[in-house]
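Q: Dropping in model-v6.csv, which is CSV, C-alpha atoms:
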chain,number,residue,atom,x,y,z
V,11,MET,CA,-15.7,-15.5,6.5
V,12,ASN,CA,-17.8,-12.3,6.2
V,13,VAL,CA,-15.2,-9.8,5.2
V,14,GLY,CA,-15.5,-6.0,5.1
V,15,ILE,CA,-13.3,-3.7,3.0
V,16,ILE,CA,-13.2,0.0,3.8
V,17,GLY,CA,-11.4,1.9,1.0
V,18,THR,CA,-11.8,0.7,-2.5
V,19,GLY,CA,-9.0,2.4,-4.3
V,20,LEU,CA,-6.6,0.5,-6.5
V,21,LEU,CA,-5.5,-2.0,-3.9
V,22,GLY,CA,-8.8,-2.2,-2.0
V,23,SER,CA,-10.8,-3.0,-5.1
V,24,ALA,CA,-8.3,-5.7,-6.1
V,25,VAL,CA,-8.4,-7.3,-2.7
V,26,ALA,CA,-12.2,-7.3,-2.7
V,27,THR,CA,-12.3,-8.8,-6.2
V,28,ARG,CA,-10.0,-11.6,-5.1
V,29,LEU,CA,-12.0,-12.4,-2.0
V,30,LEU,CA,-15.2,-12.5,-4.0
V,31,SER,CA,-13.7,-14.8,-6.5
V,32,THR,CA,-12.6,-17.2,-3.7
V,33,GLY,CA,-16.0,-17.5,-2.1
V,34,HIS,CA,-16.0,-14.9,0.6
V,35,THR,CA,-19.0,-12.7,1.4
V,36,VAL,CA,-17.7,-9.2,1.0
V,37,THR,CA,-19.2,-5.9,2.2
V,38,VAL,CA,-17.5,-2.6,1.0
V,39,TYR,CA,-17.6,1.1,1.8
V,40,ASN,CA,-15.8,3.9,0.1
V,41,ARG,CA,-16.2,7.6,0.8
V,42,THR,CA,-16.9,8.2,-2.9
V,43,LYS,CA,-19.6,5.5,-3.4
V,44,GLU,CA,-19.3,5.4,-7.2
V,45,LYS,CA,-15.8,3.9,-6.8
V,46,ALA,CA,-17.3,0.9,-5.1
V,47,GLU,CA,-20.1,0.3,-7.7
V,48,PRO,CA,-18.0,-2.1,-9.9
V,49,LEU,CA,-17.6,-4.4,-6.9
V,50,LYS,CA,-21.4,-4.5,-6.5
V,51,ARG,CA,-21.7,-6.0,-10.0
V,52,LEU,CA,-19.2,-8.7,-8.8
V,53,GLY,CA,-21.4,-9.6,-5.9
V,54,ALA,CA,-20.2,-7.3,-3.1
V,55,SER,CA,-22.7,-5.5,-0.8
V,56,VAL,CA,-22.1,-1.7,-0.9
V,57,VAL,CA,-23.1,0.0,2.3
V,58,GLU,CA,-23.3,3.6,3.5
V,59,SER,CA,-20.9,3.7,6.4
V,60,PRO,CA,-18.0,2.0,8.2
V,61,LYS,CA,-20.5,1.2,10.9
V,62,LYS,CA,-22.5,-0.9,8.5
V,63,VAL,CA,-19.4,-2.7,7.3
V,64,SER,CA,-18.4,-3.8,10.8
V,65,GLU,CA,-22.0,-4.8,11.7
V,66,LYS,CA,-21.9,-7.3,8.8
V,67,SER,CA,-18.3,-8.5,9.0
V,68,ASP,CA,-16.2,-10.9,11.0
V,69,LEU,CA,-13.1,-9.2,9.7
V,70,VAL,CA,-12.8,-5.6,8.5
V,71,ILE,CA,-9.9,-4.7,6.3
V,72,THR,CA,-9.1,-1.0,6.2
V,73,ILE,CA,-7.1,0.4,3.2
V,74,VAL,CA,-7.1,4.2,3.3
V,75,LYS,CA,-4.6,7.0,2.8
V,76,ASP,CA,-3.1,7.7,6.2
V,77,ALA,CA,-3.4,7.4,10.0
V,78,SER,CA,-5.9,10.3,10.1
V,79,ALA,CA,-8.2,8.5,7.7
V,80,VAL,CA,-7.8,5.3,9.7
V,81,GLU,CA,-8.9,7.1,12.9
V,82,SER,CA,-11.8,8.7,11.1
V,83,ILE,CA,-13.3,5.5,9.8
V,84,ALA,CA,-12.6,3.7,13.0
V,85,PHE,CA,-13.7,6.1,15.7
V,86,GLY,CA,-16.0,8.6,13.9
V,87,SER,CA,-19.7,9.0,14.7
V,88,ASP,CA,-20.6,6.4,12.1
V,89,GLY,CA,-17.3,4.5,12.4
V,90,ILE,CA,-16.3,0.9,12.8
V,91,ILE,CA,-16.6,0.9,16.6
V,92,GLN,CA,-20.3,1.9,16.3
V,93,GLY,CA,-21.0,-1.5,14.7
V,94,ARG,CA,-18.7,-3.6,16.9
V,95,HIS,CA,-19.7,-7.1,18.1
V,96,ASP,CA,-18.1,-10.1,19.7
V,97,GLY,CA,-15.2,-11.5,17.8
V,98,LEU,CA,-14.7,-8.6,15.4
V,99,VAL,CA,-11.2,-8.2,14.1
V,100,VAL,CA,-9.9,-5.2,12.2
V,101,ALA,CA,-6.9,-5.5,9.9
V,102,ASP,CA,-5.3,-2.3,8.8
V,103,MET,CA,-3.7,-2.7,5.4
V,104,SER,CA,-3.0,1.0,5.1
V,105,THR,CA,0.6,2.2,5.0
V,106,ILE,CA,1.1,4.2,8.1
V,107,ASN,CA,3.9,4.6,10.7
V,108,PRO,CA,4.2,2.2,13.5
V,109,VAL,CA,3.8,4.8,16.2
V,110,SER,CA,0.3,5.8,15.0
V,111,SER,CA,-0.6,2.1,14.4
V,112,ARG,CA,0.1,1.2,18.0
V,113,LYS,CA,-2.0,4.1,19.3
V,114,ILE,CA,-4.9,3.1,17.0
V,115,ALA,CA,-4.6,-0.6,18.2
V,116,GLU,CA,-4.7,0.5,21.8
V,117,LYS,CA,-7.8,2.6,21.2
V,118,TYR,CA,-9.5,-0.2,19.4
V,119,ALA,CA,-8.8,-2.4,22.4
V,120,GLN,CA,-10.7,0.0,24.7
V,121,TYR,CA,-13.8,-1.0,22.7
V,122,GLY,CA,-13.0,-4.8,22.8
V,123,ILE,CA,-11.8,-5.0,19.2
V,124,GLN,CA,-8.6,-6.7,18.2
V,125,MET,CA,-6.6,-4.9,15.5
V,126,ILE,CA,-3.7,-6.2,13.5
V,127,ASP,CA,-1.6,-4.4,11.0
V,128,SER,CA,-1.6,-6.2,7.7
V,129,PRO,CA,0.3,-4.2,5.0
V,130,VAL,CA,1.1,-6.0,1.8
V,131,MET,CA,3.7,-6.1,-1.0
V,132,GLY,CA,2.7,-6.7,-4.6
V,133,GLY,CA,0.1,-4.2,-5.8
V,134,PRO,CA,-3.3,-4.6,-7.4
V,135,SER,CA,-2.4,-7.1,-10.1
V,136,LEU,CA,-0.9,-9.6,-7.7
V,137,ALA,CA,-3.8,-9.1,-5.2
V,138,GLU,CA,-6.3,-10.2,-7.9
V,139,LYS,CA,-4.2,-13.4,-8.5
V,140,GLY,CA,-3.8,-14.1,-4.7
V,141,GLN,CA,0.0,-13.5,-4.9
V,142,LEU,CA,0.6,-10.8,-2.4
V,143,VAL,CA,3.2,-10.9,0.3
V,144,VAL,CA,1.4,-10.2,3.6
V,145,MET,CA,3.0,-8.9,6.8
V,146,ILE,CA,1.2,-9.2,10.1
V,147,GLY,CA,1.7,-7.3,13.3
V,148,GLY,CA,-0.4,-7.7,16.5
V,149,GLU,CA,-1.9,-10.6,18.5
V,150,LYS,CA,-1.1,-13.8,16.7
V,151,THR,CA,-4.5,-15.3,17.8
V,152,ALA,CA,-6.3,-12.5,15.9
V,153,TYR,CA,-4.3,-13.3,12.8
V,154,GLU,CA,-5.0,-17.0,13.1
V,155,LYS,CA,-8.7,-16.3,13.3
V,156,CYS,CA,-8.5,-14.7,9.9
V,157,LYS,CA,-5.7,-16.8,8.3
V,158,ALA,CA,-8.0,-18.2,5.6
V,159,VAL,CA,-8.7,-14.6,4.3
V,160,PHE,CA,-5.0,-13.7,4.1
V,161,ASP,CA,-4.2,-17.1,2.5
V,162,SER,CA,-6.7,-16.1,-0.2
V,163,ILE,CA,-5.0,-12.9,-1.2
V,164,GLY,CA,-1.3,-13.8,-0.4
V,165,GLU,CA,1.1,-16.5,-1.5
V,166,LYS,CA,3.2,-15.9,1.5
V,167,THR,CA,2.5,-14.4,5.0
V,168,PHE,CA,5.0,-13.2,7.5
V,169,TYR,CA,4.1,-12.8,11.2
V,170,ILE,CA,6.4,-9.9,12.2
V,171,GLY,CA,5.5,-9.3,15.8
V,172,ALA,CA,3.5,-6.9,18.0
V,173,ASN,CA,1.3,-4.1,16.7
V,174,GLY,CA,3.3,-1.7,14.5
V,175,ALA,CA,5.9,-4.2,13.6
V,176,ALA,CA,4.4,-5.0,10.2
V,177,ASP,CA,4.1,-1.3,9.5
V,178,SER,CA,7.8,-0.8,10.2
V,179,MET,CA,8.6,-3.6,7.8
V,180,LYS,CA,6.3,-2.2,5.1
V,181,LEU,CA,8.0,1.2,5.3
V,182,ALA,CA,11.4,-0.4,5.1
V,183,MET,CA,10.2,-2.2,2.0
V,184,ASN,CA,8.7,0.9,0.4
V,185,LEU,CA,12.0,2.7,0.9
V,186,GLN,CA,13.7,0.1,-1.3
V,187,ILE,CA,11.1,0.7,-4.0
V,188,ALA,CA,11.3,4.5,-3.9
V,189,ILE,CA,15.1,4.5,-4.2
V,190,LEU,CA,15.2,1.7,-6.8
V,191,ALA,CA,12.8,3.7,-9.0
V,192,LEU,CA,15.2,6.6,-8.8
V,193,SER,CA,18.2,4.4,-9.6
V,194,ILE,CA,16.6,2.8,-12.6
V,195,SER,CA,15.3,6.2,-13.8
V,196,GLU,CA,18.8,7.8,-13.6
V,197,GLY,CA,20.3,4.8,-15.4
V,198,ILE,CA,17.8,5.1,-18.3
V,199,ILE,CA,18.3,8.9,-18.5
V,200,LEU,CA,22.1,8.5,-18.5
V,201,ALA,CA,21.9,5.9,-21.2
V,202,LYS,CA,19.6,8.0,-23.4
V,203,LYS,CA,21.8,11.1,-23.0
V,204,SER,CA,24.8,9.1,-23.9
V,205,GLY,CA,23.1,8.1,-27.2
V,206,LEU,CA,22.3,4.6,-26.1
V,207,ASP,CA,19.1,2.7,-26.5
V,208,PRO,CA,17.5,2.6,-23.0
V,209,LEU,CA,16.0,-0.8,-23.8
V,210,LEU,CA,19.5,-2.1,-24.5
V,211,PHE,CA,20.6,-0.6,-21.1
V,212,LEU,CA,17.8,-2.6,-19.5
V,213,GLU,CA,18.7,-5.8,-21.4
V,214,VAL,CA,22.2,-5.6,-20.1
V,215,LEU,CA,21.1,-4.8,-16.6
V,216,ASN,CA,18.6,-7.7,-16.6
V,217,SER,CA,21.4,-10.0,-17.7
V,218,THR,CA,23.3,-9.4,-14.5
V,219,TYR,CA,23.0,-10.1,-10.8
V,220,PHE,CA,21.6,-6.5,-10.3
V,221,LYS,CA,18.3,-7.2,-12.2
V,222,THR,CA,15.1,-6.6,-10.2
V,223,GLY,CA,11.4,-7.2,-10.7
V,224,MET,CA,11.1,-3.5,-11.3
V,225,SER,CA,13.8,-3.4,-14.0
V,226,LEU,CA,12.2,-6.5,-15.6
V,227,LEU,CA,8.6,-5.5,-15.5
V,228,LYS,CA,8.5,-1.7,-15.1
V,229,GLY,CA,11.8,-0.8,-16.8
V,230,PRO,CA,10.6,-1.2,-20.4
V,231,LYS,CA,7.6,1.0,-19.7
V,232,MET,CA,9.8,3.6,-18.1
V,233,ALA,CA,12.1,3.6,-21.1
V,234,LYS,CA,9.1,4.2,-23.3
V,235,GLY,CA,7.6,6.9,-21.1
V,236,VAL,CA,4.6,4.9,-20.0
V,237,PHE,CA,3.6,5.5,-16.4
V,238,GLU,CA,0.1,4.0,-16.0
V,239,PRO,CA,-0.4,3.9,-12.3
V,240,SER,CA,-0.4,0.7,-10.2
V,241,PHE,CA,0.8,2.9,-7.3
V,242,PHE,CA,0.5,6.6,-7.4
V,243,LEU,CA,3.6,8.8,-7.2
V,244,SER,CA,1.8,11.0,-4.7
V,245,VAL,CA,1.2,8.0,-2.4
V,246,MET,CA,4.8,7.0,-2.6
V,247,GLN,CA,5.7,10.5,-1.5
V,248,LYS,CA,3.3,10.2,1.4
V,249,ASP,CA,5.0,6.9,2.4
V,250,LEU,CA,8.4,8.7,2.3
V,251,ASP,CA,7.0,11.2,4.8
V,252,GLU,CA,6.1,8.2,7.0
V,253,ILE,CA,9.5,6.7,6.5
V,254,ASN,CA,11.3,9.8,7.5
V,255,TYR,CA,9.0,10.4,10.5
V,256,THR,CA,9.6,6.9,11.7
V,257,ALA,CA,13.3,7.3,11.3
V,258,LYS,CA,13.3,10.4,13.4
V,259,GLU,CA,11.1,8.7,16.1
V,260,PHE,CA,13.4,5.7,16.3
V,261,GLY,CA,16.7,7.7,16.1
V,262,ALA,CA,17.8,6.4,12.6
V,263,SER,CA,19.8,8.5,10.2
V,264,LEU,CA,18.5,8.0,6.6
V,265,PRO,CA,20.0,10.7,4.4
V,266,VAL,CA,19.1,8.9,1.2
V,267,ALA,CA,15.5,8.6,2.3
V,268,ARG,CA,15.4,12.4,3.0
V,269,LEU,CA,16.8,13.2,-0.4
V,270,ALA,CA,14.3,10.8,-2.1
V,271,ASN,CA,11.5,12.5,-0.2
V,272,GLU,CA,12.6,15.9,-1.4
V,273,LEU,CA,12.6,14.7,-5.1
V,274,TYR,CA,9.2,13.0,-4.8
V,275,GLN,CA,7.8,16.1,-3.1
V,276,ASN,CA,9.1,18.3,-5.9
V,277,ALA,CA,7.6,15.9,-8.5
V,278,VAL,CA,4.2,16.1,-6.8
V,279,LYS,CA,4.4,20.0,-6.8
V,280,GLU,CA,5.2,19.9,-10.5
V,281,GLY,CA,2.1,17.9,-11.3
V,282,PHE,CA,3.4,14.3,-11.5
V,283,GLY,CA,1.5,13.0,-8.5
V,284,LYS,CA,-1.2,11.0,-10.3
V,285,ILE,CA,1.0,8.9,-12.5
V,286,ASP,CA,2.8,5.7,-11.4
V,287,TYR,CA,5.6,6.2,-8.9
V,288,THR,CA,8.1,5.2,-11.6
V,289,GLY,CA,7.1,8.4,-13.3
V,290,ILE,CA,9.7,10.0,-11.0
V,291,MET,CA,11.8,9.5,-14.2
V,292,ALA,CA,9.6,12.0,-16.1
V,293,TYR,CA,10.2,14.6,-13.4
V,294,LEU,CA,14.0,13.9,-13.4
V,295,GLU,CA,14.1,14.3,-17.2
V,296,LYS,CA,12.7,17.8,-16.8
V,297,LEU,CA,15.5,18.9,-14.5
V,298,LYS,CA,18.3,20.9,-16.0
V,299,ALA,CA,21.8,19.5,-15.8
V,300,THR,CA,24.0,21.0,-13.1
V,301,THR,CA,27.7,21.7,-13.3
Output the file's structure as structure tokens, nothing else.
A:
Amino acid sequence: MNVGIIGTGLLGSAVATRLLSTGHTVTVYNRTKEKAEPLKRLGASVVESPKKVSEKSDLVITIVKDASAVESIAFGSDGIIQGRHDGLVVADMSTINPVSSRKIAEKYAQYGIQMIDSPVMGGPSLAEKGQLVVMIGGEKTAYEKCKAVFDSIGEKTFYIGANGAADSMKLAMNLQIAILALSISEGIILAKKSGLDPLLFLEVLNSTYFKTGMSLLKGPKMAKGVFEPSFFLSVMQKDLDEINYTAKEFGASLPVARLANELYQNAVKEGFGKIDYTGIMAYLEKLKATT
């Protein structure tokens, strides 16, 4: 298929790289054009607007910051709808709340465009290997049209339900990640303050039922104070905003999610936003002990 990617940040670039390596024709747009230039060297076509992407694509994947950004690239004066054509499908891979996602899908439908939500789990490194977990919400027929593309980037795909369903699942998953990062951080900090080797703490943890992919892969880096970003702390905080908004809309009480958001918000204010989300540990280490 001819695939368009709008938003070539960490994940968008990785998805585009994977699709190029598996034989797809890829057209990309990024608001800051320089960020898309490395993809040009790999064979992607870099264009000047979302409109140009949709004109050249059977499937447009949008991977941007929030719902406001999704609406801007979709419905702006040079947006996706301006380049619409028969059979065009848009897959939004951004992490947004399901309420906004449904409204955006309804607006696309007014222009004859099918939109599915297609958030993923796994991050850039797994995207380049084709090992993402993909979640799909929206018309199943639209997904099936583009199945080969998702099979290229993901090792497992779940069809969740109607528009917004996959976004709800993604937020529930990201809540696990945010809280797990806090838990591992506090375990490492407590071990260190007790005079223990934090790497030994992780070795014991990873010998038990309670080990996780994060404790195995990110834990040693956290113990050494290495927070090279695969997913920015500031973006995790944005996702916690979306999680708490969704909880309120659906009448769910999530006190731990509220507390986690407060901690991540404070970390961003203190200048930790551009490191990896596991860098929440660096923020926690700066806090003074309370009695």
Q: Separation of CA of Ile16 in chain V and CA of Lys284 in chain V, in Å?
A: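 For CA of Ile16 in chain V relative to CA of Lys284 in chain V, the distance reads 21.5 Å.
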Q: Against range 269-272 of chain V, which residues of range 230-251 of chain V fall within 12 Å? For each one I want the closest pair of atoms and the distance in Å (one decimal), counting all atoms listed in the file, rows by chain and increasing residue number, as a tab-separated table.
A:
residue	atom	partner	partner_atom	distance
V:Leu243	CA	V:Asn271	CA	11.2
V:Ser244	CA	V:Asn271	CA	10.8
V:Val245	CA	V:Asn271	CA	11.5
V:Met246	CA	V:Asn271	CA	9.0
V:Gln247	CA	V:Asn271	CA	6.3
V:Lys248	CA	V:Asn271	CA	8.7
V:Asp249	CA	V:Asn271	CA	9.0
V:Leu250	CA	V:Asn271	CA	5.5
V:Asp251	CA	V:Asn271	CA	6.9
Q: Which of these, V:Tyr293, V:Phe160, V:Phe211, V:Tyr169, has the shortest distance to Arg28 in chain V once you count all atoms listed in the file?
A: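 That would be V:Phe160, the residue with the smallest distance to Arg28 in chain V.
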Q: Which residue is closest to Leu273 in chain V? Choose from V:Asp96, V:Gly22, V:Ile189, V:Ala54 and count only C-alpha atoms.
A: V:Ile189
Q: By how many Å are CA of Asp68 in chain V and CA of Gly14 in chain V apart?
A: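 CA of Gly14 in chain V lies 7.7 Å from CA of Asp68 in chain V.
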Q: Can you measure CA of Gln275 in chain V to CA of Gly132 in chain V for me? One decimal in Å is fine.
A: 23.4 Å
Q: When you count all atoms listed in the file, which of these residues is closest to Tyr274 in chain V: V:Ile199, V:Leu206, V:Ala191, V:Pro134?
A: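 Going through V:Ile199, V:Leu206, V:Ala191, V:Pro134 one by one, the smallest distance to Tyr274 in chain V is for V:Ala191.
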Q: From the options V:Asn184, V:Ser55, V:Ser67, V:Ser195, which residue's atoms come nearest to Glu252 in chain V, counting only C-alpha atoms?
A: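 Checking each of V:Asn184, V:Ser55, V:Ser67, V:Ser195 against Glu252 in chain V, counting only C-alpha atoms, the winner is V:Asn184.
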Q: Looking at only C-alpha atoms, which of V:Thr18, V:Pro60, V:Lys221, V:Ser128 is the one that sits closest to Lys45 in chain V?
A: V:Thr18
Q: Do you know which residues are at most 6 Å from Thr167 in chain V counting all atoms listed in the file, after dropping those on the same chain fewer than 3 positions away, and could you put them as a short mmCIF file (atom, residue, chain, number, x, y, z; two decimals) with C-alpha atoms, keeping the file's coordinate frame?
A:
data_model
loop_
_atom_site.label_atom_id
_atom_site.label_comp_id
_atom_site.auth_asym_id
_atom_site.auth_seq_id
_atom_site.Cartn_x
_atom_site.Cartn_y
_atom_site.Cartn_z
CA VAL V 143 3.20 -10.90 0.30
CA VAL V 144 1.40 -10.20 3.60
CA MET V 145 3.00 -8.90 6.80
#
